[in-house]
$ cat my_file_36.pdb   # PDB, C-alpha atoms
ATOM      1  CA  MET A  25       0.000   0.000   0.000  1.00  0.00           C
ATOM      2  CA  ILE A  26       1.581   3.278  -1.051  1.00  0.00           C
ATOM      3  CA  PRO A  27       1.084   6.407   1.093  1.00  0.00           C
ATOM      4  CA  TRP A  28      -1.437   9.065   0.077  1.00  0.00           C
ATOM      5  CA  LEU A  29      -0.114  12.623   0.256  1.00  0.00           C
ATOM      6  CA  ASP A  30      -2.129  15.749   0.915  1.00  0.00           C
ATOM      7  CA  THR A  31      -0.955  19.268   0.152  1.00  0.00           C
ATOM      8  CA  HIS A  32       1.266  19.490   3.231  1.00  0.00           C
ATOM      9  CA  THR A  33       2.504  15.891   3.514  1.00  0.00           C
ATOM     10  CA  PRO A  34       6.244  15.444   2.869  1.00  0.00           C
ATOM     11  CA  PHE A  35       7.460  12.715   0.552  1.00  0.00           C
ATOM     12  CA  PRO A  36       8.459   9.389   2.109  1.00  0.00           C
ATOM     13  CA  ASP A  37      12.061   8.275   1.758  1.00  0.00           C
ATOM     14  CA  VAL A  38      12.736   6.904  -1.717  1.00  0.00           C
ATOM     15  CA  SER A  39      13.848   3.610  -0.162  1.00  0.00           C
ATOM     16  CA  GLU A  40      10.142   2.973   0.466  1.00  0.00           C
ATOM     17  CA  ALA A  41       9.319   2.855  -3.272  1.00  0.00           C
ATOM     18  CA  LEU A  42       7.757  -0.384  -4.463  1.00  0.00           C
ATOM     19  CA  THR A  43      10.031  -3.092  -5.806  1.00  0.00           C
ATOM     20  CA  THR A  44       7.280  -5.293  -7.275  1.00  0.00           C
ATOM     21  CA  ASP A  45       3.988  -4.727  -9.147  1.00  0.00           C
ATOM     22  CA  ALA A  46       4.864  -1.097 -10.006  1.00  0.00           C
ATOM     23  CA  PRO A  47       8.613  -0.865  -9.283  1.00  0.00           C
ATOM     24  CA  GLY A  48       9.650   2.623  -8.284  1.00  0.00           C
ATOM     25  CA  LEU A  49       6.172   3.842  -7.303  1.00  0.00           C
ATOM     26  CA  LEU A  50       6.573   5.839  -4.102  1.00  0.00           C
ATOM     27  CA  ALA A  51       3.368   7.750  -3.317  1.00  0.00           C
ATOM     28  CA  ALA A  52       0.152   9.220  -4.701  1.00  0.00           C
ATOM     29  CA  GLY A  53      -1.732  12.464  -4.266  1.00  0.00           C
ATOM     30  CA  ALA A  54      -0.631  15.981  -3.260  1.00  0.00           C
ATOM     31  CA  ASP A  55      -0.485  18.555  -6.076  1.00  0.00           C
ATOM     32  CA  LEU A  56       1.627  19.732  -9.006  1.00  0.00           C
ATOM     33  CA  SER A  57       2.528  23.156  -7.694  1.00  0.00           C
ATOM     34  CA  PRO A  58       6.011  24.430  -8.593  1.00  0.00           C
ATOM     35  CA  GLN A  59       6.970  24.153  -4.925  1.00  0.00           C
ATOM     36  CA  ARG A  60       5.917  20.484  -4.744  1.00  0.00           C
ATOM     37  CA  LEU A  61       7.702  19.724  -8.023  1.00  0.00           C
ATOM     38  CA  LEU A  62      10.932  21.313  -6.764  1.00  0.00           C
ATOM     39  CA  MET A  63      10.651  19.312  -3.549  1.00  0.00           C
ATOM     40  CA  ALA A  64      10.286  16.149  -5.613  1.00  0.00           C
ATOM     41  CA  TYR A  65      13.149  16.749  -8.024  1.00  0.00           C
ATOM     42  CA  ARG A  66      15.533  17.657  -5.222  1.00  0.00           C
ATOM     43  CA  ARG A  67      14.865  14.177  -3.806  1.00  0.00           C
ATOM     44  CA  GLY A  68      15.085  12.275  -7.080  1.00  0.00           C
ATOM     45  CA  ILE A  69      11.296  11.884  -7.374  1.00  0.00           C
ATOM     46  CA  PHE A  70       9.187  12.624 -10.447  1.00  0.00           C
ATOM     47  CA  PRO A  71       5.459  12.593 -11.310  1.00  0.00           C
ATOM     48  CA  TRP A  72       4.121  10.214 -13.945  1.00  0.00           C
ATOM     49  CA  PHE A  73       0.514   9.128 -14.365  1.00  0.00           C
ATOM     50  CA  SER A  74      -2.175   8.658 -16.974  1.00  0.00           C
ATOM     51  CA  GLU A  75      -5.475  10.454 -17.437  1.00  0.00           C
ATOM     52  CA  GLY A  76      -7.974   9.319 -14.833  1.00  0.00           C
ATOM     53  CA  GLN A  77      -5.299   8.312 -12.318  1.00  0.00           C
ATOM     54  CA  PRO A  78      -4.311  10.265  -9.210  1.00  0.00           C
ATOM     55  CA  ILE A  79      -0.950  11.998  -9.255  1.00  0.00           C
ATOM     56  CA  LEU A  80       1.659   9.246  -8.929  1.00  0.00           C
ATOM     57  CA  TRP A  81       5.209   9.895  -7.708  1.00  0.00           C
ATOM     58  CA  TRP A  82       8.135   7.663  -8.687  1.00  0.00           C
ATOM     59  CA  SER A  83      11.766   6.994  -7.831  1.00  0.00           C
ATOM     60  CA  THR A  84      12.947   4.206 -10.103  1.00  0.00           C
ATOM     61  CA  ASP A  85      15.835   1.839  -9.426  1.00  0.00           C
ATOM     62  CA  PRO A  86      17.843   1.577 -11.578  1.00  0.00           C
ATOM     63  CA  ARG A  87      17.612   5.114 -12.967  1.00  0.00           C
ATOM     64  CA  MET A  88      18.084   5.888 -16.659  1.00  0.00           C
ATOM     65  CA  VAL A  89      20.561   8.741 -17.133  1.00  0.00           C
ATOM     66  CA  LEU A  90      22.465  10.335 -19.971  1.00  0.00           C
ATOM     67  CA  MET A  91      25.976  11.438 -19.096  1.00  0.00           C
ATOM     68  CA  THR A  92      26.519  14.468 -21.298  1.00  0.00           C
ATOM     69  CA  GLU A  93      29.961  13.228 -22.354  1.00  0.00           C
ATOM     70  CA  ASN A  94      28.350  10.006 -23.636  1.00  0.00           C
ATOM     71  CA  PHE A  95      25.747  11.634 -25.875  1.00  0.00           C
ATOM     72  CA  ARG A  96      25.780   9.695 -29.133  1.00  0.00           C
ATOM     73  CA  ILE A  97      25.406  11.384 -32.538  1.00  0.00           C
ATOM     74  CA  THR A  98      25.105   9.351 -35.726  1.00  0.00           C
ATOM     75  CA  ASP A  99      26.872  10.343 -38.922  1.00  0.00           C
ATOM     76  CA  SER A 100      23.560  11.322 -40.517  1.00  0.00           C
ATOM     77  CA  LEU A 101      22.663  13.546 -37.551  1.00  0.00           C
ATOM     78  CA  LYS A 102      26.108  15.174 -37.695  1.00  0.00           C
ATOM     79  CA  LYS A 103      25.404  16.082 -41.307  1.00  0.00           C
ATOM     80  CA  THR A 104      22.049  17.596 -40.347  1.00  0.00           C
ATOM     81  CA  LEU A 105      23.584  19.530 -37.460  1.00  0.00           C
ATOM     82  CA  ARG A 106      26.229  21.018 -39.757  1.00  0.00           C
ATOM     83  CA  LYS A 107      23.458  22.162 -42.105  1.00  0.00           C
ATOM     84  CA  VAL A 108      21.495  23.721 -39.252  1.00  0.00           C
ATOM     85  CA  GLN A 109      24.530  25.472 -37.787  1.00  0.00           C
ATOM     86  CA  ARG A 110      25.567  26.822 -41.185  1.00  0.00           C
ATOM     87  CA  SER A 111      22.048  28.153 -41.707  1.00  0.00           C
ATOM     88  CA  MET A 112      22.108  29.838 -38.299  1.00  0.00           C
ATOM     89  CA  ASP A 113      25.512  31.380 -38.975  1.00  0.00           C
ATOM     90  CA  GLU A 114      24.228  32.779 -42.269  1.00  0.00           C
ATOM     91  CA  GLY A 115      20.860  33.948 -40.962  1.00  0.00           C
ATOM     92  CA  GLY A 116      19.065  31.265 -42.957  1.00  0.00           C
ATOM     93  CA  ARG A 117      15.919  29.189 -42.521  1.00  0.00           C
ATOM     94  CA  TRP A 118      16.924  27.340 -39.329  1.00  0.00           C
ATOM     95  CA  GLN A 119      17.161  28.671 -35.783  1.00  0.00           C
ATOM     96  CA  VAL A 120      17.747  26.996 -32.437  1.00  0.00           C
ATOM     97  CA  ARG A 121      16.546  28.934 -29.419  1.00  0.00           C
ATOM     98  CA  PHE A 122      16.281  28.387 -25.689  1.00  0.00           C
ATOM     99  CA  ASP A 123      13.270  29.491 -23.636  1.00  0.00           C
ATOM    100  CA  SER A 124      11.475  31.519 -26.307  1.00  0.00           C
ATOM    101  CA  ALA A 125       8.361  29.289 -26.406  1.00  0.00           C
ATOM    102  CA  PHE A 126       8.364  27.075 -23.316  1.00  0.00           C
ATOM    103  CA  GLU A 127       4.629  26.406 -23.049  1.00  0.00           C
ATOM    104  CA  GLN A 128       4.397  25.872 -26.810  1.00  0.00           C
ATOM    105  CA  VAL A 129       7.053  23.151 -26.533  1.00  0.00           C
ATOM    106  CA  MET A 130       5.160  21.482 -23.692  1.00  0.00           C
ATOM    107  CA  ARG A 131       1.937  21.466 -25.680  1.00  0.00           C
ATOM    108  CA  ALA A 132       3.710  20.037 -28.712  1.00  0.00           C
ATOM    109  CA  CYS A 133       5.116  17.265 -26.495  1.00  0.00           C
ATOM    110  CA  ALA A 134       1.591  16.576 -25.213  1.00  0.00           C
ATOM    111  CA  ALA A 135       0.038  16.309 -28.676  1.00  0.00           C
ATOM    112  CA  PRO A 136      -0.961  12.914 -30.148  1.00  0.00           C
ATOM    113  CA  ARG A 137       1.891  11.044 -31.841  1.00  0.00           C
ATOM    114  CA  ARG A 138       1.770   9.306 -35.197  1.00  0.00           C
ATOM    115  CA  ASP A 139       2.279   5.963 -33.473  1.00  0.00           C
ATOM    116  CA  GLY A 140      -0.084   6.473 -30.558  1.00  0.00           C
ATOM    117  CA  PRO A 141      -2.147   8.829 -28.377  1.00  0.00           C
ATOM    118  CA  GLY A 142      -0.911  11.946 -26.634  1.00  0.00           C
ATOM    119  CA  THR A 143       1.436  11.775 -23.697  1.00  0.00           C
ATOM    120  CA  TRP A 144       0.649  12.017 -19.999  1.00  0.00           C
ATOM    121  CA  ILE A 145       1.218  15.802 -20.098  1.00  0.00           C
ATOM    122  CA  SER A 146      -2.049  17.231 -18.777  1.00  0.00           C
ATOM    123  CA  GLU A 147      -3.169  20.823 -18.264  1.00  0.00           C
ATOM    124  CA  ASP A 148      -2.162  20.536 -14.595  1.00  0.00           C
ATOM    125  CA  ILE A 149       1.293  19.322 -15.633  1.00  0.00           C
ATOM    126  CA  ILE A 150       1.611  22.220 -18.079  1.00  0.00           C
ATOM    127  CA  ALA A 151       0.581  24.700 -15.396  1.00  0.00           C
ATOM    128  CA  GLY A 152       3.044  23.291 -12.849  1.00  0.00           C
ATOM    129  CA  TYR A 153       6.041  23.260 -15.163  1.00  0.00           C
ATOM    130  CA  THR A 154       5.191  26.641 -16.652  1.00  0.00           C
ATOM    131  CA  GLY A 155       5.332  27.908 -13.088  1.00  0.00           C
ATOM    132  CA  LEU A 156       8.789  26.354 -12.719  1.00  0.00           C
ATOM    133  CA  HIS A 157       9.808  28.034 -15.981  1.00  0.00           C
ATOM    134  CA  GLN A 158       8.684  31.418 -14.668  1.00  0.00           C
ATOM    135  CA  MET A 159      10.781  30.773 -11.554  1.00  0.00           C
ATOM    136  CA  GLY A 160      13.855  29.961 -13.677  1.00  0.00           C
ATOM    137  CA  TYR A 161      13.886  26.199 -13.021  1.00  0.00           C
ATOM    138  CA  ALA A 162      12.391  24.776 -16.242  1.00  0.00           C
ATOM    139  CA  HIS A 163      13.732  25.390 -19.744  1.00  0.00           C
ATOM    140  CA  SER A 164      13.110  24.531 -23.360  1.00  0.00           C
ATOM    141  CA  ALA A 165      15.331  24.006 -26.388  1.00  0.00           C
ATOM    142  CA  GLU A 166      13.512  24.792 -29.618  1.00  0.00           C
ATOM    143  CA  VAL A 167      14.157  24.157 -33.301  1.00  0.00           C
ATOM    144  CA  TRP A 168      12.580  26.593 -35.754  1.00  0.00           C
ATOM    145  CA  LEU A 169      12.322  26.269 -39.541  1.00  0.00           C
ATOM    146  CA  ASP A 170      11.021  29.217 -41.537  1.00  0.00           C
ATOM    147  CA  GLY A 171       9.579  30.640 -38.324  1.00  0.00           C
ATOM    148  CA  GLU A 172       7.698  27.456 -37.398  1.00  0.00           C
ATOM    149  CA  LEU A 173       8.448  25.375 -34.303  1.00  0.00           C
ATOM    150  CA  VAL A 174       9.445  21.948 -35.662  1.00  0.00           C
ATOM    151  CA  GLY A 175      11.229  20.281 -32.756  1.00  0.00           C
ATOM    152  CA  GLY A 176      12.019  20.731 -29.110  1.00  0.00           C
ATOM    153  CA  ALA A 177      12.745  19.395 -25.659  1.00  0.00           C
ATOM    154  CA  TYR A 178      12.125  20.635 -22.135  1.00  0.00           C
ATOM    155  CA  GLY A 179      13.221  19.790 -18.625  1.00  0.00           C
ATOM    156  CA  VAL A 180      14.044  20.997 -15.133  1.00  0.00           C
ATOM    157  CA  SER A 181      17.355  22.531 -14.094  1.00  0.00           C
ATOM    158  CA  ILE A 182      18.438  22.687 -10.443  1.00  0.00           C
ATOM    159  CA  GLY A 183      22.016  23.672  -9.676  1.00  0.00           C
ATOM    160  CA  ARG A 184      24.114  21.671 -12.130  1.00  0.00           C
ATOM    161  CA  MET A 185      21.554  18.874 -12.502  1.00  0.00           C
ATOM    162  CA  PHE A 186      19.204  18.629 -15.477  1.00  0.00           C
ATOM    163  CA  TYR A 187      16.079  16.463 -15.552  1.00  0.00           C
ATOM    164  CA  GLY A 188      14.876  15.725 -19.078  1.00  0.00           C
ATOM    165  CA  GLU A 189      11.102  15.538 -19.383  1.00  0.00           C
ATOM    166  CA  SER A 190       9.954  15.175 -22.997  1.00  0.00           C
ATOM    167  CA  MET A 191      10.813  15.878 -26.645  1.00  0.00           C
ATOM    168  CA  PHE A 192       8.896  16.210 -29.896  1.00  0.00           C
ATOM    169  CA  ALA A 193       9.645  16.427 -33.607  1.00  0.00           C
ATOM    170  CA  ARG A 194       7.611  17.656 -36.569  1.00  0.00           C
ATOM    171  CA  VAL A 195      10.481  17.159 -39.011  1.00  0.00           C
ATOM    172  CA  THR A 196      13.063  14.397 -39.225  1.00  0.00           C
ATOM    173  CA  ASP A 197      15.536  14.641 -36.305  1.00  0.00           C
ATOM    174  CA  GLY A 198      13.788  17.738 -34.912  1.00  0.00           C
ATOM    175  CA  SER A 199      13.977  16.500 -31.314  1.00  0.00           C
ATOM    176  CA  LYS A 200      17.554  15.271 -31.727  1.00  0.00           C
ATOM    177  CA  ILE A 201      18.668  18.667 -33.034  1.00  0.00           C
ATOM    178  CA  ALA A 202      17.168  20.324 -29.960  1.00  0.00           C
ATOM    179  CA  LEU A 203      18.782  17.771 -27.653  1.00  0.00           C
ATOM    180  CA  SER A 204      22.171  18.185 -29.346  1.00  0.00           C
ATOM    181  CA  TYR A 205      22.233  21.922 -28.697  1.00  0.00           C
ATOM    182  CA  LEU A 206      20.910  21.414 -25.180  1.00  0.00           C
ATOM    183  CA  VAL A 207      23.607  18.837 -24.364  1.00  0.00           C
ATOM    184  CA  ARG A 208      26.351  21.157 -25.611  1.00  0.00           C
ATOM    185  CA  PHE A 209      24.966  24.023 -23.536  1.00  0.00           C
ATOM    186  CA  LEU A 210      24.785  21.849 -20.420  1.00  0.00           C
ATOM    187  CA  ARG A 211      28.319  20.534 -20.936  1.00  0.00           C
ATOM    188  CA  GLN A 212      29.621  24.082 -21.198  1.00  0.00           C
ATOM    189  CA  HIS A 213      27.978  24.879 -17.855  1.00  0.00           C
ATOM    190  CA  GLY A 214      29.313  21.883 -15.968  1.00  0.00           C
ATOM    191  CA  VAL A 215      26.275  19.598 -16.110  1.00  0.00           C
ATOM    192  CA  GLN A 216      27.478  15.997 -16.254  1.00  0.00           C
ATOM    193  CA  MET A 217      24.193  14.110 -15.983  1.00  0.00           C
ATOM    194  CA  ILE A 218      20.732  14.363 -17.514  1.00  0.00           C
ATOM    195  CA  ASP A 219      18.086  12.392 -15.658  1.00  0.00           C
ATOM    196  CA  CYS A 220      16.013  10.398 -18.179  1.00  0.00           C
ATOM    197  CA  GLN A 221      13.900   8.701 -15.480  1.00  0.00           C
ATOM    198  CA  GLN A 222      12.824   5.540 -17.291  1.00  0.00           C
ATOM    199  CA  GLU A 223      14.623   3.121 -19.568  1.00  0.00           C
ATOM    200  CA  THR A 224      13.708   3.086 -23.273  1.00  0.00           C
ATOM    201  CA  GLY A 225      15.428   1.858 -26.414  1.00  0.00           C
ATOM    202  CA  HIS A 226      15.320   5.343 -27.925  1.00  0.00           C
ATOM    203  CA  LEU A 227      17.182   6.860 -24.975  1.00  0.00           C
ATOM    204  CA  ALA A 228      19.717   4.025 -25.044  1.00  0.00           C
ATOM    205  CA  SER A 229      20.380   4.767 -28.734  1.00  0.00           C
ATOM    206  CA  LEU A 230      21.369   8.301 -27.711  1.00  0.00           C
ATOM    207  CA  GLY A 231      23.878   7.051 -25.134  1.00  0.00           C
ATOM    208  CA  ALA A 232      21.739   6.854 -22.006  1.00  0.00           C
ATOM    209  CA  ALA A 233      22.174   3.941 -19.614  1.00  0.00           C
ATOM    210  CA  PRO A 234      20.693   2.764 -16.298  1.00  0.00           C
ATOM    211  CA  ILE A 235      22.605   3.246 -13.051  1.00  0.00           C
ATOM    212  CA  PRO A 236      21.743   2.222  -9.466  1.00  0.00           C
ATOM    213  CA  ARG A 237      19.432   4.686  -7.732  1.00  0.00           C
ATOM    214  CA  ALA A 238      21.954   5.143  -4.907  1.00  0.00           C
ATOM    215  CA  GLU A 239      24.571   6.287  -7.430  1.00  0.00           C
ATOM    216  CA  PHE A 240      22.062   8.623  -9.063  1.00  0.00           C
ATOM    217  CA  LEU A 241      21.061  10.156  -5.731  1.00  0.00           C
ATOM    218  CA  ALA A 242      24.676  10.691  -4.685  1.00  0.00           C
ATOM    219  CA  HIS A 243      25.354  12.606  -7.900  1.00  0.00           C
ATOM    220  CA  LEU A 244      22.104  14.537  -7.524  1.00  0.00           C
ATOM    221  CA  ARG A 245      22.850  15.647  -3.957  1.00  0.00           C
ATOM    222  CA  ASN A 246      26.182  17.116  -5.012  1.00  0.00           C
ATOM    223  CA  SER A 247      24.907  18.694  -8.233  1.00  0.00           C
ATOM    224  CA  ILE A 248      21.842  20.513  -6.893  1.00  0.00           C
ATOM    225  CA  GLU A 249      24.001  22.374  -4.352  1.00  0.00           C
ATOM    226  CA  LEU A 250      26.055  24.009  -7.108  1.00  0.00           C
ATOM    227  CA  PRO A 251      25.129  27.486  -8.426  1.00  0.00           C
ATOM    228  CA  GLN A 252      22.048  27.708 -10.619  1.00  0.00           C
ATOM    229  CA  ILE A 253      22.638  28.187 -14.363  1.00  0.00           C
ATOM    230  CA  THR A 254      21.450  31.687 -15.301  1.00  0.00           C
ATOM    231  CA  ALA A 255      22.914  32.016 -18.804  1.00  0.00           C
ATOM    232  CA  TRP A 256      19.937  30.618 -20.741  1.00  0.00           C
ATOM    233  CA  GLU A 257      19.565  32.663 -23.897  1.00  0.00           C
ATOM    234  CA  ALA A 258      16.688  33.213 -26.325  1.00  0.00           C
ATOM    235  CA  ILE A 259      19.050  32.351 -29.190  1.00  0.00           C
ATOM    236  CA  ALA A 260      21.374  29.417 -28.484  1.00  0.00           C
ATOM    237  CA  PRO A 261      24.938  30.798 -28.619  1.00  0.00           C
ATOM    238  CA  LEU A 262      26.659  27.454 -28.835  1.00  0.00           C
ATOM    239  CA  ALA A 263      27.229  24.845 -31.522  1.00  0.00           C
ATOM    240  CA  PRO A 264      25.548  21.454 -31.104  1.00  0.00           C
ATOM    241  CA  ALA A 265      27.225  18.613 -29.239  1.00  0.00           C
ATOM    242  CA  SER A 266      29.672  16.667 -31.335  1.00  0.00           C
TER     243      SER A 266
END
$ encode --input "my_file_36.pdb" --output "structure tokens"
Amino acid sequence: MIPWLDTHTPFPDVSEALTTDAPGLLAAGADLSPQRLLMAYRRGIFPWFSEGQPILWWSTDPRMVLMTENFRITDSLKKTLRKVQRSMDEGGRWQVRFDSAFEQVMRACAAPRRDGPGTWISEDIIAGYTGLHQMGYAHSAEVWLDGELVGGAYGVSIGRMFYGESMFARVTDGSKIALSYLVRFLRQHGVQMIDCQQETGHLASLGAAPIPRAEFLAHLRNSIELPQITAWEAIAPLAPAS
């Protein structure tokens, strides 16, 4: 039986998360206020639930993470990134920006996919993370083509820790372009780990790998105490990861 949280109930210790049935499930209830979300992320906890379910809080073991130095770029993506960067340098059709359309990126991530329904990103989720964005803790990387948003990613940044939440693409490699620029930016600012939360084949293809939760939490505790990144720019000033 998992604990039910009300607005003022603190999270249980992550060691109490389930190990069977729904491994990693820690608690249910509470709210999605920016303050509650910050409390969760600082403890290595994240919300994930489907429509019709209560808010569910998770701390998975093992934890899927992407070390920024291990980000994997295929030869075909390298070719695309060179094209995008050249276009940006010449004031052409492509642009990569940070934080110029955060809510728009979230809504694009929530939209139905070609291979299935929309994601778990509800209006309450959008409101909570938009609040984090306004507080300087949530950020988006955006890919624009001829003035249209065609790819992006968003996540939460605390200290020198980044928690990846979701990505979308409306053109081939749109999400990977956004992630490439985001990874380079995070590397330049001393971020070594991106929390990917749950293990998928797609994330593994990009260089992510599972690590024990204890190892993840040790890294998290050190990273969130470092100074907050404040250099997010509307136009990404850096080349993509290579």
$ closest_atom_pairs --input "my_file_36.pdb" --of "stretch 62-115 of chain A" --to "stretch 236-249 of chain A" --cutoff "10 Å" --atoms "only C-alpha atoms" --output "CSV"
residue,atom,partner,partner_atom,distance
A:Tyr65,CA,A:Leu244,CA,9.2
A:Arg66,CA,A:Ile248,CA,7.1
A:Arg67,CA,A:Leu241,CA,7.6
A:Gly68,CA,A:Leu241,CA,6.5
A:Ser83,CA,A:Arg237,CA,8.0
A:Thr84,CA,A:Arg237,CA,6.9
A:Asp85,CA,A:Arg237,CA,4.9
A:Pro86,CA,A:Pro236,CA,4.5
A:Arg87,CA,A:Arg237,CA,5.6
A:Met88,CA,A:Pro236,CA,8.9
A:Val89,CA,A:Phe240,CA,8.2
$ atom_distance --input "my_file_36.pdb" --atom1 "atom CA of A:Leu49" --atom2 "atom CA of A:Leu80"
7.2 Å
$ resolve_selection --input "my_file_36.pdb" --expression "the PyMOL selection byres ((chain A and resi 153) around 9)" --output "CSV table (one decimal) with C-alpha atoms, in the frame of the given file"
chain,number,residue,atom,x,y,z
A,56,LEU,CA,1.6,19.7,-9.0
A,57,SER,CA,2.5,23.2,-7.7
A,58,PRO,CA,6.0,24.4,-8.6
A,61,LEU,CA,7.7,19.7,-8.0
A,127,GLU,CA,4.6,26.4,-23.0
A,130,MET,CA,5.2,21.5,-23.7
A,148,ASP,CA,-2.2,20.5,-14.6
A,149,ILE,CA,1.3,19.3,-15.6
A,150,ILE,CA,1.6,22.2,-18.1
A,151,ALA,CA,0.6,24.7,-15.4
A,152,GLY,CA,3.0,23.3,-12.8
A,154,THR,CA,5.2,26.6,-16.7
A,155,GLY,CA,5.3,27.9,-13.1
A,156,LEU,CA,8.8,26.4,-12.7
A,157,HIS,CA,9.8,28.0,-16.0
A,158,GLN,CA,8.7,31.4,-14.7
A,161,TYR,CA,13.9,26.2,-13.0
A,162,ALA,CA,12.4,24.8,-16.2
A,179,GLY,CA,13.2,19.8,-18.6
A,180,VAL,CA,14.0,21.0,-15.1
$ residues_around --input "my_file_36.pdb" --residues "A:Gly171" --least-positions-apart "3" --cutoff "10 Å" --atoms "only C-alpha atoms" --output "list in words"
Arg117, Trp118, Gln119, Val167, Trp168 and Val174 of chain A
$ atom_distance --input "my_file_36.pdb" --atom1 "atom CA of A:Glu40" --atom2 "atom CA of A:Ala228"
27.3 Å
